[in-house]
$ cat start-v2.cif   # mmCIF, C-alpha atoms
data_work
loop_
_atom_site.label_atom_id
_atom_site.label_comp_id
_atom_site.auth_asym_id
_atom_site.auth_seq_id
_atom_site.Cartn_x
_atom_site.Cartn_y
_atom_site.Cartn_z
CA MET W 1 158.44 84.37 144.31
CA ASN W 2 159.56 84.75 140.70
CA ILE W 3 156.07 85.57 139.54
CA ILE W 4 155.67 88.57 141.84
CA LEU W 5 159.04 89.95 140.70
CA LYS W 6 157.96 89.56 137.07
CA ILE W 7 154.66 91.36 137.72
CA ILE W 8 156.40 94.20 139.61
CA ILE W 9 158.93 94.67 136.80
CA ILE W 10 156.22 94.70 134.11
CA CYS W 11 154.07 97.19 136.06
CA VAL W 12 156.97 99.54 136.81
CA PHE W 13 158.07 99.41 133.18
CA THR W 14 154.53 100.19 132.03
CA ALA W 15 154.37 103.10 134.47
CA ILE W 16 157.60 104.53 133.06
CA ILE W 17 156.35 104.17 129.47
CA SER W 18 153.04 105.80 130.36
CA ILE W 19 154.90 108.75 131.93
CA VAL W 20 156.78 109.15 128.63
CA LEU W 21 153.51 108.96 126.68
CA LYS W 22 151.87 111.45 129.05
CA ASN W 23 154.36 114.08 127.88
CA PHE W 24 152.94 113.69 124.38
CA SER W 25 149.38 113.76 125.83
CA SER W 26 148.76 110.51 123.98
CA PRO W 27 145.42 108.61 124.12
CA PHE W 28 147.33 105.30 124.30
CA ILE W 29 147.86 105.34 128.08
CA PRO W 30 144.59 103.51 129.00
CA VAL W 31 145.32 100.88 126.33
CA LEU W 32 148.78 100.41 127.77
CA SER W 33 147.44 99.89 131.28
CA LEU W 34 144.86 97.47 129.85
CA CYS W 35 147.66 95.43 128.26
CA CYS W 36 149.62 95.47 131.51
CA GLY W 37 146.56 94.12 133.33
CA LEU W 38 146.07 91.42 130.69
CA ILE W 39 149.69 90.29 130.96
CA CYS W 40 149.50 90.19 134.77
CA ILE W 41 146.36 88.03 134.64
CA TYR W 42 147.97 85.75 132.05
CA LEU W 43 150.97 85.30 134.35
CA LEU W 44 148.65 84.40 137.23
CA ILE W 45 146.55 81.87 135.29
CA PRO W 46 148.73 78.77 136.04
CA TYR W 47 148.43 79.54 139.77
CA ILE W 48 144.66 79.96 139.55
CA ARG W 49 144.53 76.67 137.62
CA ASN W 50 146.43 74.92 140.43
CA ILE W 51 143.98 76.27 143.02
CA ILE W 52 141.00 75.15 140.94
CA ASP W 53 142.51 71.68 140.43
CA TYR W 54 142.93 71.39 144.18
CA ILE W 55 139.31 72.38 144.79
CA SER W 56 138.16 69.99 142.01
CA LYS W 57 139.90 67.11 143.80
CA PHE W 58 137.88 67.99 146.88
CA ARG W 59 134.76 68.11 144.68
CA HIS W 60 135.29 64.56 143.42
CA ASN W 61 135.49 63.30 147.01
CA THR W 62 132.12 64.79 147.91
CA SER W 63 129.03 63.85 145.95
CA ASN W 64 126.44 66.34 147.22
CA ALA W 65 128.45 69.54 147.02
CA ASP W 66 129.03 69.30 143.26
CA SER W 67 126.49 71.94 142.20
CA VAL W 68 127.53 74.29 144.99
CA ILE W 69 131.22 74.15 144.04
CA LYS W 70 130.35 74.65 140.36
CA LEU W 71 128.33 77.72 141.38
CA THR W 72 131.27 78.99 143.42
CA PHE W 73 133.53 78.70 140.36
CA LYS W 74 130.99 80.60 138.28
CA ILE W 75 130.78 83.39 140.87
CA ALA W 76 134.58 83.54 141.07
CA ALA W 77 134.82 83.88 137.27
CA ILE W 78 132.23 86.67 137.22
CA SER W 79 134.01 88.45 140.06
CA VAL W 80 137.38 88.24 138.28
CA ILE W 81 135.95 89.65 135.04
CA CYS W 82 133.98 92.40 136.80
CA GLU W 83 136.93 93.44 138.95
CA PHE W 84 139.17 93.50 135.89
CA GLY W 85 136.75 95.65 133.90
CA GLY W 86 136.02 97.92 136.84
CA GLN W 87 139.69 98.56 137.56
CA LEU W 88 140.28 99.29 133.87
CA CYS W 89 137.53 101.89 133.86
CA CYS W 90 138.95 103.38 137.07
CA ASP W 91 142.40 103.60 135.47
CA SER W 92 141.04 105.42 132.44
CA GLY W 93 139.38 107.97 134.71
CA ALA W 94 135.76 106.75 134.45
CA GLU W 95 134.93 105.81 138.04
CA TYR W 96 131.19 106.20 137.36
CA LEU W 97 131.40 103.38 134.76
CA ALA W 98 133.43 101.20 137.12
CA SER W 99 130.73 101.42 139.77
CA LYS W 100 128.14 100.43 137.12
CA ILE W 101 130.18 97.37 136.13
CA LEU W 102 130.54 96.28 139.76
CA PHE W 103 126.82 96.80 140.34
CA ALA W 104 125.99 94.71 137.24
CA GLY W 105 128.32 91.97 138.50
CA LYS W 106 126.54 91.92 141.86
CA ILE W 107 123.14 91.69 140.17
CA VAL W 108 124.30 88.82 137.91
CA ILE W 109 125.75 86.93 140.88
CA MET W 110 122.47 87.40 142.75
CA TRP W 111 120.51 86.18 139.71
CA ILE W 112 122.68 83.05 139.53
CA THR W 113 122.36 82.25 143.22
CA ILE W 114 118.60 82.78 143.56
CA PRO W 115 117.60 79.17 142.58
CA HIS W 116 120.01 77.84 145.19
CA PHE W 117 118.62 80.21 147.80
CA ILE W 118 115.11 79.01 146.99
CA ASN W 119 116.26 75.38 147.30
CA LEU W 120 117.84 76.16 150.64
CA PHE W 121 114.71 77.89 151.97
CA GLU W 122 112.51 75.02 150.77
CA LYS W 123 114.75 72.54 152.55
CA ILE W 124 114.69 74.59 155.75
CA ILE W 125 110.88 74.86 155.56
CA SER W 126 110.54 71.11 154.95
CA TYR W 127 112.73 70.40 157.99
CA ILE W 128 110.63 72.77 160.08
CA TRP W 129 107.45 70.93 159.00
CA LEU W 130 109.10 67.62 159.92
CA LEU W 131 109.56 68.93 163.44
CA MET O 1 150.62 86.77 125.69
CA GLU O 2 154.02 88.36 126.00
CA VAL O 3 155.60 91.55 127.26
CA ASN O 4 156.34 92.48 123.63
CA LEU O 5 152.77 93.74 123.40
CA ILE O 6 153.54 96.61 125.79
CA PHE O 7 156.59 97.61 123.75
CA LYS O 8 154.57 97.42 120.55
CA ILE O 9 151.87 99.72 121.92
CA ALA O 10 154.43 102.11 123.38
CA ALA O 11 156.23 102.32 120.02
CA ILE O 12 153.00 102.93 118.12
CA GLY O 13 151.99 105.54 120.70
CA ILE O 14 155.27 107.46 120.46
CA VAL O 15 155.36 107.37 116.64
CA VAL O 16 151.72 108.49 116.40
CA ALA O 17 152.33 111.28 118.93
CA ILE O 18 155.35 112.56 116.98
CA ILE O 19 153.43 112.49 113.67
CA HIS O 20 150.51 114.25 115.41
CA ARG O 21 152.80 117.01 116.66
CA LEU O 22 154.46 117.47 113.26
CA LEU O 23 151.10 117.71 111.50
CA VAL O 24 149.73 120.16 114.08
CA GLN O 25 152.77 122.40 113.73
CA SER O 26 152.43 122.41 109.95
CA GLY O 27 148.81 123.50 110.32
CA ARG O 28 147.04 120.25 109.34
CA ASP O 29 144.91 119.70 112.42
CA GLU O 30 142.32 117.44 110.76
CA GLN O 31 144.97 115.06 109.41
CA ALA O 32 146.65 114.95 112.82
CA LEU O 33 143.39 113.92 114.41
CA MET O 34 142.86 111.24 111.75
CA VAL O 35 146.36 109.83 112.36
CA THR O 36 145.72 109.61 116.10
CA ILE O 37 142.38 107.88 115.57
CA ALA O 38 143.92 105.43 113.07
CA GLY O 39 146.69 104.56 115.53
CA LEU O 40 144.17 104.06 118.29
CA VAL O 41 142.03 101.78 116.13
CA ALA O 42 145.08 99.72 115.12
CA VAL O 43 146.07 99.27 118.75
CA MET O 44 142.50 98.46 119.76
CA PHE O 45 142.41 95.68 117.12
CA ILE O 46 145.41 94.04 118.81
CA VAL O 47 144.02 94.51 122.31
CA VAL O 48 140.48 93.31 121.56
CA ASN O 49 141.87 89.98 120.30
CA GLN O 50 143.82 89.59 123.52
CA ILE O 51 140.74 90.42 125.64
CA ASN O 52 138.73 87.83 123.70
CA GLU O 53 141.46 85.27 124.36
CA LEU O 54 141.49 86.17 128.06
CA PHE O 55 137.73 85.72 128.38
CA SER O 56 137.84 82.35 126.62
CA VAL O 57 140.71 81.25 128.90
CA ILE O 58 138.74 82.33 131.98
CA LYS O 59 135.70 80.46 130.68
CA THR O 60 137.64 77.23 130.28
CA LEU O 61 139.51 77.79 133.53
CA PHE O 62 136.41 78.12 135.67
CA GLU O 63 134.56 75.40 133.71
CA LEU O 64 131.76 77.73 132.58
#
$ encode --input "start-v2.cif" --output "structure tokens"
Amino acid sequence: MNIILKIIIICVFTAIISIVLKNFSSPFIPVLSLCCGLICIYLLIPYIRNIIDYISKFRHNTSNADSVIKLTFKIAAISVICEFGGQLCCDSGAEYLASKILFAGKIVIMWITIPHFINLFEKIISYIWLL
Amino acid sequence: MEVNLIFKIAAIGIVVAIIHRLLVQSGRDEQALMVTIAGLVAVMFIVVNQINELFSVIKTLFEL
């Protein structure tokens, strides 16, 4: 509960400061929102680490799902970075760049998952031939 | 990573904006522009280090 209060306070404070800077028509407003986003993610990192530790425990119990869970972590990391970058571009008023970043993220995720898709299809085909 | 960073950027922003206004009013537009760009570059140096740190933390966090 404390963490959400901290994040709300930081964001509201940043909003107030950016209103003050807007009066001066300063170019520092996007940088300020970037810093606010960075601080919010840094505050959330211990919680994300707890979730990942929990999933890693599950991974050690299962032997076969190791590569799949590793892939899931990779996709989650790419999604976090892409979402962060995309939102930053949106905040600075460049929605067209945000959509490009999200598109690139989707393509990279697809590129990472293609070998696993091929494995899956090969397995399905081998099972069909067994029948 | 601390909240001080926001205050630091806000302070730099306000100081740079005031200097910019003073220089514009005294008729030195080019110097005003240079001051703004210098302030922006200084702030970007701070922020780029933090972004680099964030990406390395995310890399270690997700075991990439």
$ residues_around --input "start-v2.cif" --residues "range 17-21 of chain W" --least-positions-apart "5" --cutoff "7 Å" --atoms "only C-alpha atoms" --output "PyMOL selection string"
(chain W and resi 26+29) or (chain O and resi 10+14)
$ residues_around --input "start-v2.cif" --residues "range 116-123 of chain W" --least-positions-apart "5" --cutoff "12 Å" --atoms "all atoms listed in the file" --output "short mmCIF file (atom, residue, chain, number, x, y, z; two decimals) with C-alpha atoms, in the coordinates of the input"
data_model
loop_
_atom_site.label_atom_id
_atom_site.label_comp_id
_atom_site.auth_asym_id
_atom_site.auth_seq_id
_atom_site.Cartn_x
_atom_site.Cartn_y
_atom_site.Cartn_z
CA ALA W 65 128.45 69.54 147.02
CA SER W 67 126.49 71.94 142.20
CA VAL W 68 127.53 74.29 144.99
CA ILE W 69 131.22 74.15 144.04
CA LYS W 70 130.35 74.65 140.36
CA LEU W 71 128.33 77.72 141.38
CA THR W 72 131.27 78.99 143.42
CA ILE W 109 125.75 86.93 140.88
CA MET W 110 122.47 87.40 142.75
CA TRP W 111 120.51 86.18 139.71
CA ILE W 128 110.63 72.77 160.08
CA TRP W 129 107.45 70.93 159.00
CA LEU W 130 109.10 67.62 159.92
#
$ residues_around --input "start-v2.cif" --residues "Asp91 in chain W" --least-positions-apart "3" --cutoff "8 Å" --atoms "only C-alpha atoms" --output "MDAnalysis selection string"
chainID W and resid 30 33 87:88 94
$ closest_residue --input "start-v2.cif" --among "W:Tyr96, W:Phe28, W:Phe103, W:Tyr127" --to "chain O" --atoms "only C-alpha atoms"
W:Phe28
$ closest_residue --input "start-v2.cif" --among "W:Ala104, W:Ala77, W:Met1, W:Ala98" --to "chain O" --atoms "all atoms listed in the file"
W:Ala77
$ resolve_selection --input "start-v2.cif" --expression "the PyMOL selection byres ((chain W) within 10 of (chain O))" --output "NGL selection string"
:W and (10 or 13-14 or 17-18 or 20-21 or 23-29 or 31-36 or 38-43 or 45-46 or 48-49 or 52-53 or 70-78 or 80-81)
$ atom_distance --input "start-v2.cif" --atom1 "CA of Ile112 in chain W" --atom2 "CA of Ser56 in chain W"
20.4 Å
$ atom_distance --input "start-v2.cif" --atom1 "CA of Asp66 in chain W" --atom2 "CA of Leu44 in chain W"
25.5 Å
$ atom_distance --input "start-v2.cif" --atom1 "CA of Gly105 in chain W" --atom2 "CA of Phe84 in chain W"
11.3 Å
$ axis_aligned_box --input "start-v2.cif" --around "range 39-43 of chain O" --padding-each-side "8 Å" --output "lines of an AutoDock Vina configuration file"
center_x = 144.4
center_y = 101.9
center_z = 116.9
size_x = 20.7
size_y = 21.3
size_z = 19.6
$ residues_around --input "start-v2.cif" --residues "Gly86 in chain W" --least-positions-apart "4" --cutoff "8 Å" --atoms "all atoms listed in the file" --output "count of residues only"
7
$ build_atoms --input "start-v2.cif" --residues "range 5-24 of chain W" --atoms "N, CA, C and O atoms" --output "short mmCIF file (atom, residue, chain, number, x, y, z; two decimals), in the frame of the given file"
data_model
loop_
_atom_site.label_atom_id
_atom_site.label_comp_id
_atom_site.auth_asym_id
_atom_site.auth_seq_id
_atom_site.Cartn_x
_atom_site.Cartn_y
_atom_site.Cartn_z
N LEU W 5 157.98 89.08 141.23
CA LEU W 5 159.04 89.95 140.70
C LEU W 5 158.73 90.32 139.25
O LEU W 5 158.88 91.48 138.84
N LYS W 6 158.29 89.30 138.47
CA LYS W 6 157.96 89.56 137.07
C LYS W 6 156.86 90.62 136.97
O LYS W 6 156.95 91.57 136.18
N ILE W 7 155.80 90.43 137.79
CA ILE W 7 154.66 91.36 137.72
C ILE W 7 155.10 92.77 138.11
O ILE W 7 154.72 93.76 137.46
N ILE W 8 155.94 92.87 139.17
CA ILE W 8 156.40 94.20 139.61
C ILE W 8 157.20 94.87 138.49
O ILE W 8 156.98 96.06 138.17
N ILE W 9 158.09 94.09 137.86
CA ILE W 9 158.93 94.67 136.80
C ILE W 9 158.06 95.16 135.64
O ILE W 9 158.23 96.28 135.13
N ILE W 10 157.09 94.32 135.24
CA ILE W 10 156.22 94.70 134.11
C ILE W 10 155.44 95.97 134.45
O ILE W 10 155.33 96.90 133.64
N CYS W 11 154.90 96.03 135.69
CA CYS W 11 154.07 97.19 136.06
C CYS W 11 154.92 98.46 136.13
O CYS W 11 154.47 99.53 135.67
N VAL W 12 156.11 98.34 136.71
CA VAL W 12 156.97 99.54 136.81
C VAL W 12 157.37 100.03 135.42
O VAL W 12 157.34 101.23 135.12
N PHE W 13 157.68 99.05 134.55
CA PHE W 13 158.07 99.41 133.18
C PHE W 13 156.91 100.12 132.46
O PHE W 13 157.10 101.12 131.78
N THR W 14 155.70 99.56 132.65
CA THR W 14 154.53 100.19 132.03
C THR W 14 154.31 101.59 132.57
O THR W 14 153.95 102.51 131.81
N ALA W 15 154.54 101.77 133.88
CA ALA W 15 154.37 103.10 134.47
C ALA W 15 155.34 104.09 133.85
O ALA W 15 154.97 105.23 133.52
N ILE W 16 156.59 103.63 133.65
CA ILE W 16 157.60 104.53 133.06
C ILE W 16 157.20 104.91 131.63
O ILE W 16 157.24 106.08 131.23
N ILE W 17 156.76 103.89 130.86
CA ILE W 17 156.35 104.17 129.47
C ILE W 17 155.15 105.11 129.45
O ILE W 17 155.08 106.02 128.62
N SER W 18 154.22 104.92 130.39
CA SER W 18 153.04 105.80 130.36
C SER W 18 153.40 107.23 130.77
O SER W 18 152.76 108.18 130.29
N ILE W 19 154.44 107.38 131.61
CA ILE W 19 154.90 108.75 131.93
C ILE W 19 155.46 109.42 130.67
O ILE W 19 155.19 110.59 130.38
N VAL W 20 156.22 108.61 129.88
CA VAL W 20 156.78 109.15 128.63
C VAL W 20 155.65 109.57 127.69
O VAL W 20 155.68 110.64 127.08
N LEU W 21 154.62 108.67 127.59
CA LEU W 21 153.51 108.96 126.68
C LEU W 21 152.68 110.15 127.17
O LEU W 21 152.06 110.85 126.37
N LYS W 22 152.67 110.33 128.51
CA LYS W 22 151.87 111.45 129.05
C LYS W 22 152.42 112.79 128.57
O LYS W 22 151.68 113.76 128.39
N ASN W 23 153.75 112.83 128.37
CA ASN W 23 154.36 114.08 127.88
C ASN W 23 153.83 114.46 126.50
O ASN W 23 153.74 115.62 126.16
N PHE W 24 153.49 113.42 125.71
CA PHE W 24 152.94 113.69 124.38
C PHE W 24 151.41 113.86 124.43
O PHE W 24 150.79 114.01 123.39
#
